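Containing compact mmCIF, C-alpha atoms: coords21.txt.
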# COMPACT_ATOMS: atom_id res chain seq x y z
CA MET A 471 -9.13 1.19 15.76
CA ASN A 472 -6.65 0.38 13.01
CA HIS A 473 -8.17 -0.10 9.58
CA ILE A 474 -6.08 -1.84 6.89
CA LEU A 475 -6.69 -0.81 3.29
CA ILE A 476 -5.29 -3.38 0.84
CA VAL A 477 -4.85 -1.77 -2.58
CA SER A 478 -5.47 -4.48 -5.16
CA GLY A 479 -6.59 -2.53 -8.21
CA GLY A 480 -3.43 -2.71 -10.32
CA ILE A 481 -3.38 -4.52 -13.64
CA GLY A 482 0.32 -5.46 -13.60
CA SER A 483 1.23 -3.93 -16.96
CA ARG A 484 4.96 -3.97 -16.21
CA MET A 485 4.88 -7.69 -15.48
CA GLN A 486 3.77 -8.46 -19.06
CA LEU A 487 2.04 -11.70 -18.12
CA GLY A 488 -1.18 -11.24 -20.07
CA THR A 489 -4.44 -10.17 -18.48
CA LEU A 490 -3.95 -11.63 -15.00
CA PRO A 491 -3.14 -8.89 -12.45
CA LYS A 492 0.05 -9.73 -10.59
CA GLN A 493 -1.63 -9.79 -7.16
CA TYR A 494 -3.64 -12.82 -8.29
CA ILE A 495 -0.69 -14.81 -9.63
CA GLU A 496 -0.33 -18.00 -7.60
CA VAL A 497 2.89 -18.78 -5.77
CA GLY A 498 3.01 -21.93 -3.70
CA GLY A 499 -0.63 -22.63 -4.54
CA ARG A 500 -1.87 -19.27 -3.20
CA PRO A 501 -2.38 -15.90 -4.90
CA ILE A 502 0.08 -13.20 -3.87
CA ILE A 503 -2.64 -11.15 -2.16
CA ALA A 504 -3.36 -14.07 0.17
CA TYR A 505 0.05 -13.64 1.79
CA CYS A 506 -0.76 -9.98 2.55
CA LEU A 507 -4.17 -10.83 3.98
CA GLU A 508 -2.62 -13.47 6.22
CA LYS A 509 -0.06 -11.01 7.60
CA PHE A 510 -2.72 -8.53 8.74
CA GLU A 511 -5.20 -11.20 9.84
CA LYS A 512 -2.63 -12.54 12.29
CA HIS A 513 -1.32 -9.19 13.51
CA PRO A 514 -2.87 -8.15 16.84
CA LEU A 515 -2.88 -4.41 16.04
CA ALA A 516 -4.86 -4.76 12.79
CA ASP A 517 -8.61 -4.52 13.46
CA THR A 518 -10.33 -4.46 10.05
CA ILE A 519 -9.34 -5.20 6.45
CA THR A 520 -10.88 -3.49 3.41
CA ILE A 521 -9.85 -4.51 -0.10
CA VAL A 522 -9.85 -2.04 -3.00
CA ALA A 523 -10.28 -4.06 -6.18
CA ASP A 524 -11.98 -4.21 -9.55
CA PRO A 525 -15.53 -5.43 -8.85
CA LYS A 526 -15.09 -8.27 -11.34
CA TRP A 527 -12.72 -9.86 -8.79
CA TYR A 528 -15.09 -9.58 -5.81
CA ASP A 529 -16.48 -13.13 -6.09
CA TYR A 530 -12.98 -14.54 -6.46
CA LEU A 531 -11.84 -12.59 -3.41
CA LYS A 532 -14.87 -13.62 -1.34
CA GLU A 533 -13.99 -17.26 -1.95
CA LEU A 534 -10.34 -16.57 -1.13
CA ILE A 535 -11.32 -14.83 2.11
CA ARG A 536 -13.46 -17.82 3.07
CA ARG A 537 -10.71 -20.27 2.23
CA GLU A 538 -8.03 -18.27 4.07
CA ASN A 539 -10.28 -17.71 7.13
CA ILE A 540 -9.90 -13.92 7.04
CA SER A 541 -12.17 -12.89 9.89
CA LYS A 542 -11.17 -9.19 9.86
CA PHE A 543 -12.53 -8.53 6.36
CA ARG A 544 -15.12 -5.71 6.45
CA GLY A 545 -15.82 -5.05 2.77
CA PHE A 546 -14.72 -3.89 -0.66
CA ALA A 547 -14.18 -0.57 -2.37
CA PRO A 548 -14.02 -0.23 -6.17
CA ALA A 549 -10.65 0.36 -7.80
CA GLY A 550 -10.09 3.74 -9.43
CA ASP A 551 -8.25 4.65 -12.62
CA THR A 552 -5.08 5.36 -10.62
CA ARG A 553 -3.69 4.10 -7.33
CA GLN A 554 -4.54 7.27 -5.43
CA LEU A 555 -8.10 7.28 -6.81
CA SER A 556 -8.37 3.72 -5.50
CA ILE A 557 -7.24 4.96 -2.10
CA LEU A 558 -9.83 7.75 -2.24
CA ASN A 559 -12.53 5.14 -2.91
CA GLY A 560 -11.25 3.08 0.00
CA LEU A 561 -11.37 6.06 2.35
CA ILE A 562 -14.92 6.86 1.30
CA ALA A 563 -15.91 3.24 1.96
CA LEU A 564 -14.34 3.43 5.43
CA GLU A 565 -15.92 6.76 6.35
CA THR A 566 -19.04 5.18 7.86
CA ASP A 567 -17.00 3.02 10.27
CA ALA A 568 -13.79 4.94 11.00
CA ALA A 569 -13.56 7.60 13.71
CA GLN A 570 -11.51 10.76 13.23
CA ASN A 571 -8.69 9.49 15.45
CA ASP A 572 -8.68 5.97 14.05
CA VAL A 573 -5.72 4.92 11.91
CA VAL A 574 -5.92 3.87 8.26
CA SER A 575 -2.98 1.84 7.02
CA ILE A 576 -2.52 1.51 3.26
CA HIS A 577 -0.68 -1.51 1.91
CA ASP A 578 0.02 -2.78 -1.59
CA ALA A 579 -1.41 -6.21 -2.37
CA VAL A 580 1.88 -6.98 -4.14
CA ARG A 581 4.01 -6.60 -0.99
CA PRO A 582 3.48 -10.09 0.46
CA CYS A 583 6.58 -10.18 2.67
CA VAL A 584 5.82 -7.30 5.03
CA SER A 585 7.09 -8.13 8.51
CA ASP A 586 5.28 -8.00 11.82
CA ARG A 587 7.84 -5.44 12.97
CA ILE A 588 7.03 -3.03 10.14
CA ILE A 589 3.29 -3.44 10.70
CA THR A 590 3.76 -2.72 14.41
CA ASP A 591 5.99 0.29 13.77
CA THR A 592 3.53 1.83 11.31
CA LEU A 593 0.53 1.34 13.60
CA THR A 594 2.13 3.01 16.60
CA GLY A 595 3.29 6.58 17.19
CA PHE A 596 -0.21 8.10 17.13
CA PRO A 597 -1.38 10.71 18.03
CA GLU A 598 2.10 12.23 18.40
CA TRP A 599 2.39 11.91 14.63
CA ASP A 600 -0.25 12.26 11.90
CA GLY A 601 1.28 9.49 9.84
CA VAL A 602 4.03 6.87 9.74
CA MET A 603 5.91 5.61 6.67
CA PRO A 604 8.57 2.89 6.42
CA TYR A 605 11.57 3.84 4.33
CA LEU A 606 14.87 2.65 2.94
CA PRO A 607 17.94 4.85 2.55
CA VAL A 608 18.96 5.40 -1.06
CA THR A 609 22.36 3.80 -1.62
CA ASP A 610 22.88 4.33 -5.36
CA THR A 611 24.19 7.53 -6.89
CA CYS A 612 21.17 9.48 -8.15
CA TYR A 613 20.79 11.83 -11.08
CA LEU A 614 18.04 13.85 -12.71
CA SER A 615 17.37 13.10 -16.37
CA TYR A 616 14.47 14.97 -17.91
CA ASP A 617 14.64 13.21 -21.28
CA GLY A 618 15.73 9.76 -20.10
CA GLN A 619 18.82 9.90 -22.28
CA THR A 620 21.12 12.51 -20.78
CA ILE A 621 22.03 13.56 -17.23
CA ASP A 622 20.89 17.02 -16.14
CA GLU A 623 22.24 17.04 -12.59
CA GLN A 624 23.24 14.86 -9.67
CA VAL A 625 20.90 14.61 -6.67
CA PRO A 626 22.40 14.34 -3.15
CA ARG A 627 21.39 10.86 -2.10
CA ASP A 628 21.82 11.59 1.63
CA ALA A 629 18.62 13.63 1.47
CA LEU A 630 16.65 10.92 -0.36
CA VAL A 631 14.63 8.04 1.05
CA ALA A 632 12.62 5.34 -0.71
CA GLY A 633 9.12 4.86 0.70
CA GLN A 634 7.48 1.50 1.32
CA THR A 635 4.08 0.37 2.53
CA PRO A 636 2.15 0.07 4.75
CA GLU A 637 1.77 3.84 5.15
CA SER A 638 -0.46 4.77 8.08
CA PHE A 639 -2.35 7.97 8.81
CA LEU A 640 -4.85 9.47 11.23
CA PHE A 641 -8.04 8.73 9.36
CA GLY A 642 -9.82 12.06 9.84
CA LYS A 643 -6.98 14.27 8.62
CA TYR A 644 -6.10 11.98 5.72
CA TYR A 645 -9.73 11.62 4.64
CA ASP A 646 -10.29 15.39 4.81
CA ALA A 647 -7.20 16.02 2.66
CA HIS A 648 -8.58 13.74 -0.04
CA ILE A 649 -12.08 15.19 0.05
CA LYS A 650 -10.66 18.71 -0.18
CA ALA A 651 -8.50 17.78 -3.18
CA GLY A 652 -11.25 15.79 -4.92
CA PRO A 653 -10.72 13.16 -7.62
CA GLU A 654 -8.89 15.47 -10.01
CA GLY A 655 -6.57 16.66 -7.26
CA VAL A 656 -5.44 13.16 -6.31
CA ARG A 657 -5.57 11.40 -9.69
CA ASP A 658 -1.91 11.73 -10.60
CA LEU A 659 -0.29 11.57 -7.16
CA ARG A 660 2.51 9.04 -7.07
CA GLY A 661 2.71 8.23 -3.38
CA SER A 662 0.19 7.87 -0.57
CA THR A 663 2.14 10.21 1.71
CA GLN A 664 2.45 13.05 -0.81
CA ILE A 665 -1.01 14.46 -0.13
CA ALA A 666 -0.49 14.16 3.63
CA VAL A 667 2.71 16.22 3.51
CA ALA A 668 1.06 18.79 1.23
CA ASN A 669 -1.66 19.23 3.86
CA GLY A 670 0.75 19.80 6.72
CA MET A 671 0.44 16.37 8.33
CA LYS A 672 3.45 15.35 10.45
CA ILE A 673 4.88 12.12 9.04
CA HIS A 674 7.26 9.95 11.03
CA LEU A 675 9.78 7.73 9.26
CA VAL A 676 10.51 4.23 10.54
CA PRO A 677 13.01 1.74 9.08
CA GLY A 678 11.67 -0.40 6.28
CA SER A 679 13.28 -3.57 5.00
CA ARG A 680 14.70 -4.80 1.73
CA GLY A 681 12.77 -7.97 2.50
CA ASN A 682 9.52 -5.99 2.15
CA LEU A 683 9.54 -6.86 -1.53
CA LYS A 684 7.20 -5.15 -3.97
CA ILE A 685 6.44 -7.48 -6.88
CA THR A 686 6.59 -5.29 -9.96
CA THR A 687 8.68 -7.21 -12.50
CA LYS A 688 9.22 -10.82 -13.50
CA GLU A 689 12.49 -10.74 -11.58
CA ASP A 690 10.63 -9.71 -8.42
CA LEU A 691 8.19 -12.56 -8.92
CA GLU A 692 11.01 -15.05 -9.37
CA LEU A 693 12.64 -13.79 -6.17
CA PHE A 694 9.40 -14.19 -4.21
CA GLU A 695 8.95 -17.69 -5.62
CA SER A 696 12.46 -18.59 -4.47
CA ILE A 697 11.90 -17.43 -0.89
CA SER A 698 8.33 -18.66 -0.41
CA THR A 699 8.70 -22.25 -1.61

Go through the file and emit its structure as structure tokens.
Amino acid sequence: MNHILIVSGGIGSRMQLGTLPKQYIEVGGRPIIAYCLEKFEKHPLADTITIVADPKWYDYLKELIRRENISKFRGFAPAGDTRQLSILNGLIALETDAAQNDVVSIHDAVRPCVSDRIITDTLTGFPEWDGVMPYLPVTDTCYLSYDGQTIDEQVPRDALVAGQTPESFLFGKYYDAHIKAGPEGVRDLRGSTQIAVANGMKIHLVPGSRGNLKITTKEDLELFESIST
């Protein structure tokens, strides 16, 4: 089975739009997370949907799920203090249902434009691979700056890729990596695939898309509004 983990615990601090998390901002009369739920609800390879969110949003989300007719919803997991702690909580919530060779696919609630092609590509390739991640090539010249004010060195961009979600993994191996690391070991990880690579999991790269927009800033929100209305 393929289990979808929608990470919806962020507070949207970079958006600077008050206390409303960005995934609950309405565009076209629907919250941003609704577009993500619809994508996976309609995709034939997605079997279950679990939402990781602050419990104070559970009632709101239950009503949204009812209104959007999300039949694949299986339950909630509480958000953690960081994104990867939220993922750990989601994995623990899935542990009772997911088999070792099932796939868990982690997607940001603020990526509402993910395509069917990317979902398909990230849910196939198992068990040849332990994980699949969509990526974009880095096209800008890249530098290292340790103080944010001066350049320390140039980084060869040909060796760099930018990761997107959904990132998919064999559940058993990914779950075991998190349990072995524990909360303190995953707290400050920046990407879902980092812990998989550190534990020797074989990760396959598939093409992402610039259309797979992550809504982080006001400019991102304005772009999504322009293409969804």

Handout entry: Counting all atoms listed in the file, the option among A:Arg587, A:Lys532, A:Lys650, A:Lys492 closest to Lys684 (chain A)
Key = A:Lys492

Problem - Straight-line distance linking CA of His473 (chain A) with CA of Ala516 (chain A), stated in Å to one decimal - result: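 Atom-to-atom, CA of His473 (chain A) to CA of Ala516 (chain A), that is 6.6 Å.
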
Practice task
Name the residues in contact with Ala568 (chain A) at a cut-off of 9 Å, using only C-alpha atoms, excluding same-chain residues fewer than 2 positions from it; report them as a count of residues only.
Solution key: 13

Handout entry: Selected residue of minimal separation from Ser541 (chain A) among A:Asp524, A:Gln624, A:Ser556, A:Ile519, counting all atoms listed in the file
Key = A:Ile519

Practice task
Work out how far apart CA of Ser679 (chain A) and CA of Tyr645 (chain A) are and give it in Å to one decimal.
Solution key: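 Value for the CA of Ser679 (chain A)-CA of Tyr645 (chain A) distance: 27.6 Å.
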
Problem - Top pick for closest residue to Phe543 (chain A), considering A:Tyr605, A:Leu475, A:Arg500, A:Ile562 and counting all atoms listed in the file - result: A:Leu475

Problem - Interatomic distance (Å, one decimal) between CA of Gly661 (chain A) and CA of Thr552 (chain A) - result: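 Between CA of Gly661 (chain A) and CA of Thr552 (chain A) the gap is 11.0 Å.
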
Six-sided padding of 4 Å per side, axis-aligned box over region 508-522 of chain A, centre and edges in Å, one decimal, as JSON:
{"center_x": -5.5, "center_y": -7.8, "center_z": 6.9, "size_x": 18.8, "size_y": 19.4, "size_z": 27.8}

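Within 9 Å of the file-frame point (-15.1, 10.6, -10.4), and using all atoms listed in the file, the polymer residues found are Gly550, Leu555, Gly652, Pro653 and Glu654 of chain A.
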
Could you turn the residues from that selection into a file that holds C-alpha atoms, as a PDB file, in the frame of the given file?
ATOM      1  CA  GLY A 550     -10.090   3.740  -9.430  1.00  0.00           C
ATOM      2  CA  LEU A 555      -8.100   7.280  -6.810  1.00  0.00           C
ATOM      3  CA  GLY A 652     -11.250  15.790  -4.920  1.00  0.00           C
ATOM      4  CA  PRO A 653     -10.720  13.160  -7.620  1.00  0.00           C
ATOM      5  CA  GLU A 654      -8.890  15.470 -10.010  1.00  0.00           C
TER       6      GLU A 654
END

Handout entry: Expected residue set, 6 Å radius at (13.4, 2.6, 3.4), all atoms listed in the file, as a PyMOL selection string
Key = chain A and resi 604-607+632-633+677-678

Grab the residues selected above and save them as a compact mmCIF listing (two decimals), in the frame of the given file with C-alpha atoms.
# COMPACT_ATOMS: atom_id res chain seq x y z
CA PRO A 604 8.57 2.89 6.42
CA TYR A 605 11.57 3.84 4.33
CA LEU A 606 14.87 2.65 2.94
CA PRO A 607 17.94 4.85 2.55
CA ALA A 632 12.62 5.34 -0.71
CA GLY A 633 9.12 4.86 0.70
CA PRO A 677 13.01 1.74 9.08
CA GLY A 678 11.67 -0.40 6.28

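Residue nearest Ser662 (chain A) within the list A:Glu511, A:Val602, A:Thr699, A:Gln554: A:Gln554 [criterion: smallest interatomic distance, all atoms listed in the file].
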
Exercise for the section: Determine the nearest neighbour of Asp591 (chain A) from the options A:Ser638, A:Gln493, A:Thr663, A:Thr609, counting all atoms listed in the file. Expected result: A:Ser638

Practice task
Could you check which of A:Glu695, A:Glu637, A:Asp551, A:Glu598 is closest to Gln664 (chain A), using only C-alpha atoms?
Solution key: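 Going through A:Glu695, A:Glu637, A:Asp551, A:Glu598 one by one, the smallest distance to Gln664 (chain A) is for A:Glu637.
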